[in-house]
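Visitor: Please find one structure pasted underneath; my questions will follow.
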Amino acid sequence: MVGMMMVIKAILTGYFMTCVYADGVADVVLTCTLVEEGAGLGGMGGGHFTRTPATLILRDVAVGPDESLEELTPFVPPSIPDPDLLLFEAKVSSPEIPNANVLLHADCNEQEVMCELSSYSPRGFEENSDRVFFMVSLSVDEVDFSTALILETLKVEKDESTLMQSKLGLPLSQSGTLLTDLIFVVFTHIKSVSAPLRSDVLLNCGFKQQDTPLAQEVGIEWRLQHRGKGRKVLEMKRALDDTEGSTIVDGERAGSSINAAQVVGEGNASLTLTTLKVGDEGTYICTVSLGPFHSQQVIQLRMIQPPDVSLSVEKLVLKSSSSQKLSCHSSKYYPLDSQIEWFSLSPTDTEPQLFKDQGSLSSHRQHGDGTFTLSSHIAVPPTTVPGTKIICKVSHTALEEPLFVSVVVEPPEPNSYWWILGFLIITVLFFYQVMG
């Protein structure tokens with residue numbers, strides 16, 4: 001937004017209803033709060049906020065044949081239209097909202113639905129244009145559902161009886177709703193993904209538009225944002241009429257790619273990354289542009305790498321007079337979140353016991369590939385019962401279960417001095433008998 005332009009937002013309060021028709025579609029009714037960001041002190045933006053109740057009605061949401069819809073509550077508009085109410089009505093049958101059936105079950109599954117609605121200005125459109133647009137962002141907690149919608153208000157024939165919405169100054173339908181049409185959808189089926197180092201990953205992003213194309217060319221841009229820094233990963237422009245030689249791809253990250261044919265044929269703007277590195281971690285922003293319209297989705301990519309776990313020795317023989325040092329190494333893991341614990345299991349125990357002295361930890365050592373290594377050192381006392389198993393337990397966020405490595409304590413070897421003395425005596429006696 002530019003200068004003094006007012007930003008309008010609606011945030012869902014978590015309540016919704018559905019109304020079902022016989023032809024396999026349903027109306028999803030979202031109860032929202034309209035939040036307006038006005039001018040602050042000195043006429044600067046970003047000042048105070050006002051919140052006004054609002055309702056978003058999604059008409060003709062496709063419903064699967066296996067859905068049980070008998071107990072859904074119909075939406076009933078006010079018997080007397082009220083110009084102070086904010087009722088946004090949008091037909092969403094073409095284009096459809098992918099996986100919109102998730103909204104039908106969120107309430108029963110106690111999942112929070114987040115919704116944000118804001119005024120939207122396409123590039124090149126004048127502010128006083130008769131065409132008015134809104135951006136709607138929808139997501140559901142604990143579900144990989146995230147969608148951005150662009151709505152365009154429909155023309156209402158005005159006469160003396162036409163009501164105007166008091167806050168937005170837009171004409172209302174006879175039922176008191178703001179009639180809009182869904183013209184553009186950008187979505188993702190995954191909001192967050194974890195992937196191991198040196199693997200490949202597919203970051204999902206797609207788009208749909210109304211039957212009448214908004215533009216003859218589509219632009220896709222993927223950017224990575226991490227720790228306050230951003231960079232372009234890949235950019236593509238493609239003519240929607242599939243003209244030969246019309247594709248321009250600029251991949252700034254080696255091993256990044258997008259399927260241009262699927263962009264045109266299926267609206268699939270997903271990004272493939274190969275041979276992942278620690279530096280690939282962060283927030284990926286998929287922006288789809290169709291002429292003056294653009295929208296985006298955000299996907300979190302987390303890099304993970306489970307540790308390699310090893311002990312410093314394969315055989316632990318006690319010393320009769322001093323402790324034995326034993327080290328456990330948790331190597332080449334990511335992120336920086338590894339825990340090492342020691343346990344012992346004597347021949348008479350049935351369950352491992354926490355080792356009395358957990359010893360000392362080394363500092364985290366970072367390798368050139370961004371992974372880390374941590375070591376723990378303990379002293380095994382000479383009084384340890386032979387046959388005791390010393391166990392190292394390593395926990396890490398990349399592991400479904402902790403890893404265990406162990407070594408069995410062996411009794412001290414006979415003193416080497418007496419071995420040597422005995423050998424010399426036997427040797428002398430042998431030669432004495434031979435020479436005698």
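Residue numbers start at 1 in each chain; chains themselves are named A, B, ... in the order of the structure tokens; ligands are numbered from 1 in the order shown.
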Excluding Met135 in chain A and any residue of its chain fewer than 2 positions from it, enumerate the residues within 8 Å of it, using only C-alpha atoms, and give them as a list in words.

Guide: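 So, after excluding close chain neighbours, the residues are Glu116, Leu117, Ser118, Ser119, Tyr120, Phe133, Ser137, Ala148, Leu149, Ile150 and Leu151 of chain A.
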
Visitor: Mind dumping a table of every range 364-407 of chain A residue within 12 Å of range 333-340 of chain A, with the nearest atom pair and its distance in Å to one decimal, using only C-alpha atoms, sorted by chain and rising number, as a Markdown table?

Guide:
| residue | atom | partner | partner_atom | distance |
| --- | --- | --- | --- | --- |
| A:His364 | CA | A:Leu336 | CA | 8.3 |
| A:Arg365 | CA | A:Leu336 | CA | 10.0 |
| A:Gln366 | CA | A:Leu336 | CA | 9.4 |
| A:His367 | CA | A:Tyr333 | CA | 9.8 |
| A:Asp369 | CA | A:Tyr334 | CA | 10.0 |
| A:Gly370 | CA | A:Tyr334 | CA | 7.7 |
| A:Thr371 | CA | A:Tyr333 | CA | 5.2 |
| A:Phe372 | CA | A:Tyr333 | CA | 5.3 |
| A:Thr373 | CA | A:Tyr333 | CA | 6.6 |
| A:Leu374 | CA | A:Ser338 | CA | 7.6 |
| A:Ser375 | CA | A:Ile340 | CA | 8.1 |
| A:Ser376 | CA | A:Ile340 | CA | 6.9 |
| A:His377 | CA | A:Ile340 | CA | 10.0 |
| A:Ile378 | CA | A:Ile340 | CA | 11.4 |
| A:Ile391 | CA | A:Ile340 | CA | 10.4 |
| A:Cys392 | CA | A:Ile340 | CA | 6.9 |
| A:Lys393 | CA | A:Ile340 | CA | 5.7 |
| A:Val394 | CA | A:Ile340 | CA | 4.7 |
| A:Ser395 | CA | A:Gln339 | CA | 5.2 |
| A:His396 | CA | A:Ser338 | CA | 4.8 |
| A:Thr397 | CA | A:Asp337 | CA | 6.6 |
| A:Ala398 | CA | A:Tyr334 | CA | 7.7 |
| A:Leu399 | CA | A:Ser338 | CA | 10.0 |
| A:Pro402 | CA | A:Gln339 | CA | 9.5 |
| A:Leu403 | CA | A:Ile340 | CA | 9.8 |
| A:Phe404 | CA | A:Ile340 | CA | 9.9 |
| A:Val405 | CA | A:Ile340 | CA | 11.1 |

Visitor: At what distance in Å, to one decimal, does CA of Ser327 in chain A lie from CA of Leu345 in chain A?

Guide: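 One can read the CA of Leu345 in chain A to CA of Ser327 in chain A distance as 17.3 Å.
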
Visitor: As a VMD selection string, please: the residues near Ser175 in chain A (cut-off 10 Å, only C-alpha atoms, same-chain neighbours under 3 positions excluded).

Guide: chain A and resid 76 to 82 87 172 178 to 179

Visitor: For the residues selected in the previous step, produce a file with all heavy atoms as a short mmCIF file (atom, residue, chain, number, x, y, z; two decimals), in the first residue's frame.

Guide:
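Output below, filename selection_21.cif:
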data_model
loop_
_atom_site.label_atom_id
_atom_site.label_comp_id
_atom_site.auth_asym_id
_atom_site.auth_seq_id
_atom_site.Cartn_x
_atom_site.Cartn_y
_atom_site.Cartn_z
N VAL A 76 -28.47 -18.03 7.28
CA VAL A 76 -29.67 -17.24 6.99
C VAL A 76 -29.29 -15.77 7.08
O VAL A 76 -28.90 -15.29 8.15
CB VAL A 76 -30.80 -17.56 7.99
CG1 VAL A 76 -32.03 -16.71 7.67
CG2 VAL A 76 -31.13 -19.04 7.96
N PRO A 77 -29.38 -15.02 5.98
CA PRO A 77 -29.07 -13.59 6.03
C PRO A 77 -30.11 -12.86 6.85
O PRO A 77 -31.21 -13.36 7.08
CB PRO A 77 -29.10 -13.17 4.55
CG PRO A 77 -29.99 -14.17 3.89
CD PRO A 77 -29.78 -15.46 4.63
N PRO A 78 -29.77 -11.67 7.30
CA PRO A 78 -30.73 -10.89 8.10
C PRO A 78 -32.02 -10.66 7.31
O PRO A 78 -32.00 -10.44 6.10
CB PRO A 78 -29.98 -9.58 8.37
CG PRO A 78 -28.54 -9.89 8.17
CD PRO A 78 -28.48 -10.96 7.13
N SER A 79 -33.15 -10.74 8.00
CA SER A 79 -34.43 -10.51 7.33
C SER A 79 -34.54 -9.08 6.83
O SER A 79 -35.18 -8.81 5.82
CB SER A 79 -35.58 -10.83 8.30
OG SER A 79 -35.45 -10.05 9.49
N ILE A 80 -33.89 -8.16 7.55
CA ILE A 80 -33.84 -6.76 7.12
C ILE A 80 -32.38 -6.40 6.91
O ILE A 80 -31.59 -6.41 7.86
CB ILE A 80 -34.47 -5.84 8.18
CG1 ILE A 80 -35.94 -6.23 8.42
CG2 ILE A 80 -34.38 -4.38 7.74
CD1 ILE A 80 -36.61 -5.42 9.51
N PRO A 81 -31.96 -6.11 5.68
CA PRO A 81 -30.55 -5.77 5.41
C PRO A 81 -30.09 -4.61 6.29
O PRO A 81 -30.81 -3.63 6.47
CB PRO A 81 -30.56 -5.39 3.93
CG PRO A 81 -31.74 -6.12 3.36
CD PRO A 81 -32.77 -6.12 4.45
N ASP A 82 -28.88 -4.78 6.83
CA ASP A 82 -28.32 -3.77 7.73
C ASP A 82 -27.04 -3.22 7.11
O ASP A 82 -26.06 -3.95 6.93
CB ASP A 82 -28.02 -4.40 9.09
CG ASP A 82 -27.57 -3.39 10.13
OD1 ASP A 82 -27.24 -2.25 9.75
OD2 ASP A 82 -27.54 -3.74 11.32
N LEU A 87 -20.91 -8.22 5.43
CA LEU A 87 -21.15 -9.58 4.96
C LEU A 87 -20.53 -9.72 3.57
O LEU A 87 -21.07 -9.20 2.58
CB LEU A 87 -22.65 -9.88 4.90
CG LEU A 87 -23.45 -9.70 6.19
CD1 LEU A 87 -24.93 -9.97 5.94
CD2 LEU A 87 -22.93 -10.63 7.28
N LEU A 172 -24.73 -2.72 -1.53
CA LEU A 172 -25.08 -4.04 -1.02
C LEU A 172 -26.11 -4.71 -1.91
O LEU A 172 -26.91 -4.03 -2.58
CB LEU A 172 -25.62 -3.93 0.40
CG LEU A 172 -24.67 -3.36 1.46
CD1 LEU A 172 -25.40 -3.20 2.78
CD2 LEU A 172 -23.44 -4.25 1.63
N LEU A 178 -22.06 -7.97 0.46
CA LEU A 178 -21.15 -7.43 -0.55
C LEU A 178 -20.83 -8.56 -1.51
O LEU A 178 -20.11 -9.51 -1.17
CB LEU A 178 -19.87 -6.91 0.10
CG LEU A 178 -19.99 -5.59 0.89
CD1 LEU A 178 -18.77 -5.39 1.77
CD2 LEU A 178 -20.15 -4.42 -0.07
N LEU A 179 -21.37 -8.50 -2.72
CA LEU A 179 -21.19 -9.57 -3.69
C LEU A 179 -19.81 -9.48 -4.32
O LEU A 179 -19.39 -8.43 -4.81
CB LEU A 179 -22.26 -9.48 -4.78
CG LEU A 179 -23.70 -9.70 -4.32
CD1 LEU A 179 -24.65 -9.49 -5.48
CD2 LEU A 179 -23.88 -11.08 -3.71
#

Visitor: Could you name the residues that touch Asp141 in chain A at 8 Å or less, counting only C-alpha atoms, but leaving out those on the same chain fewer than 5 positions away, as a PyMOL selection string?

Guide: chain A and resi 111-114

Visitor: I want to know what sits within 9 Å of Val407 in chain A, based on only C-alpha atoms, with residues of the same chain fewer than 5 positions away left out; could you give that as a list in words?

Guide: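 In the requested form, the answer reads Leu311, Val313, Glu314, Lys315, Leu316, Thr388, Lys389, Ile390, Ile391 and Cys392 of chain A.
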
Visitor: Step one, run DSSP on the backbone; step two, keep only residues of range 253-372 of chain A assigned to strand (DSSP E); then write them as an NGL selection string.

Guide: :A and (256-257 or 271-273 or 282-290 or 293-304 or 308-311 or 316-317 or 324-333 or 338-345 or 353-354 or 360-361 or 365-366 or 372)

Visitor: Restrict the selected residues to C-alpha atoms and save them as an mmCIF file, in the first residue's frame.

Guide:
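Wrote part38.cif, looks like this:
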data_model
loop_
_atom_site.group_PDB
_atom_site.id
_atom_site.type_symbol
_atom_site.label_atom_id
_atom_site.label_comp_id
_atom_site.auth_asym_id
_atom_site.auth_seq_id
_atom_site.Cartn_x
_atom_site.Cartn_y
_atom_site.Cartn_z
ATOM 1 C CA SER A 256 16.713 -25.642 -8.244
ATOM 2 C CA SER A 257 14.076 -26.328 -10.892
ATOM 3 C CA LEU A 271 9.977 -25.884 -6.602
ATOM 4 C CA THR A 272 12.443 -28.784 -6.526
ATOM 5 C CA LEU A 273 15.730 -28.437 -4.618
ATOM 6 C CA GLY A 282 14.593 -20.869 5.957
ATOM 7 C CA THR A 283 11.298 -19.364 4.794
ATOM 8 C CA TYR A 284 10.476 -19.877 1.121
ATOM 9 C CA ILE A 285 8.083 -17.414 -0.525
ATOM 10 C CA CYS A 286 6.277 -18.531 -3.678
ATOM 11 C CA THR A 287 4.876 -15.546 -5.606
ATOM 12 C CA VAL A 288 2.604 -16.109 -8.596
ATOM 13 C CA SER A 289 1.874 -13.180 -10.921
ATOM 14 C CA LEU A 290 -0.822 -12.996 -13.585
ATOM 15 C CA PHE A 293 -2.487 -9.617 -10.022
ATOM 16 C CA HIS A 294 -0.098 -11.430 -7.736
ATOM 17 C CA SER A 295 -0.315 -13.471 -4.568
ATOM 18 C CA GLN A 296 1.967 -15.740 -2.596
ATOM 19 C CA GLN A 297 2.381 -18.604 -0.161
ATOM 20 C CA VAL A 298 5.010 -19.139 2.525
ATOM 21 C CA ILE A 299 6.644 -22.508 3.313
ATOM 22 C CA GLN A 300 9.117 -23.236 6.111
ATOM 23 C CA LEU A 301 12.004 -25.574 5.246
ATOM 24 C CA ARG A 302 13.874 -27.053 8.209
ATOM 25 C CA MET A 303 17.116 -28.921 7.681
ATOM 26 C CA ILE A 304 17.732 -31.949 9.899
ATOM 27 C CA ASP A 308 26.391 -40.601 14.128
ATOM 28 C CA VAL A 309 27.076 -42.024 17.606
ATOM 29 C CA SER A 310 30.237 -43.868 18.643
ATOM 30 C CA LEU A 311 32.381 -44.688 21.683
ATOM 31 C CA LEU A 316 37.104 -51.395 28.035
ATOM 32 C CA VAL A 317 39.524 -53.229 30.363
ATOM 33 C CA GLN A 324 39.493 -45.500 32.649
ATOM 34 C CA LYS A 325 38.424 -42.601 30.412
ATOM 35 C CA LEU A 326 35.456 -43.335 28.144
ATOM 36 C CA SER A 327 34.115 -40.884 25.544
ATOM 37 C CA CYS A 328 30.863 -40.815 23.581
ATOM 38 C CA HIS A 329 30.780 -38.839 20.338
ATOM 39 C CA SER A 330 27.594 -37.429 18.777
ATOM 40 C CA SER A 331 28.826 -36.407 15.331
ATOM 41 C CA LYS A 332 27.670 -34.474 12.251
ATOM 42 C CA TYR A 333 24.155 -33.565 13.415
ATOM 43 C CA SER A 338 21.869 -32.912 21.016
ATOM 44 C CA GLN A 339 21.808 -34.422 24.523
ATOM 45 C CA ILE A 340 24.136 -37.121 25.866
ATOM 46 C CA GLU A 341 23.438 -39.237 28.981
ATOM 47 C CA TRP A 342 25.320 -42.135 30.564
ATOM 48 C CA PHE A 343 23.834 -45.278 32.140
ATOM 49 C CA SER A 344 25.230 -48.483 33.650
ATOM 50 C CA LEU A 345 23.797 -51.993 33.844
ATOM 51 C CA GLN A 353 20.787 -46.994 36.168
ATOM 52 C CA LEU A 354 21.795 -43.386 35.571
ATOM 53 C CA SER A 360 32.079 -33.434 31.209
ATOM 54 C CA LEU A 361 30.943 -32.152 27.825
ATOM 55 C CA ARG A 365 32.248 -28.119 17.195
ATOM 56 C CA GLN A 366 30.884 -26.904 13.853
ATOM 57 C CA PHE A 372 27.882 -30.075 14.700
#

Visitor: Which residues, written as a count of residues only, have at least one atom at most 8 Å from Pro196 in chain A, with only C-alpha atoms counted and residues fewer than 2 positions away on the same chain left out?

Guide: 7

Visitor: Find the distance between CA of Ser93 in chain A and CA of Asn109 in chain A and write it in Å to one decimal.

Guide: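 Here the two named atoms are 24.8 Å from each other.
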
Visitor: Tell me, as a PyMOL selection string, which residues lie within 7 Å of range 259-266 of chain A, counting only C-alpha atoms; anything in the same chain fewer than 2 positions away does not count.

Guide: chain A and resi 240+242+257+268-269

Visitor: Calculated over only C-alpha atoms, which of the candidates A:Thr55, A:Ser173, A:Gln209, A:Ser146 has the smallest distance to Lys158 in chain A?

Guide: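 Result for the nearest residue to Lys158 in chain A: A:Ser173.
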
Visitor: Calculated over only C-alpha atoms, which of the candidates A:Ala106, A:Ala54, A:Ile258, A:Met236 has the smallest distance to Glu89 in chain A?

Guide: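 When distances to Glu89 in chain A are compared using only C-alpha atoms, the smallest one comes from A:Ala54.
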
Visitor: Please identify the helix (DSSP H, G or I) residues within range 261-407 of chain A (assignment by DSSP from backbone atoms) and present them as an MDAnalysis selection string.

Guide: chainID A and resid 261:266 278:280

Visitor: When distances are computed from only C-alpha atoms, which of A:Ser406, A:Ser192, A:Gln433, A:Ser312 shows the smallest separation from Asp144 in chain A?

Guide: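 When distances to Asp144 in chain A are compared using only C-alpha atoms, the smallest one comes from A:Ser192.
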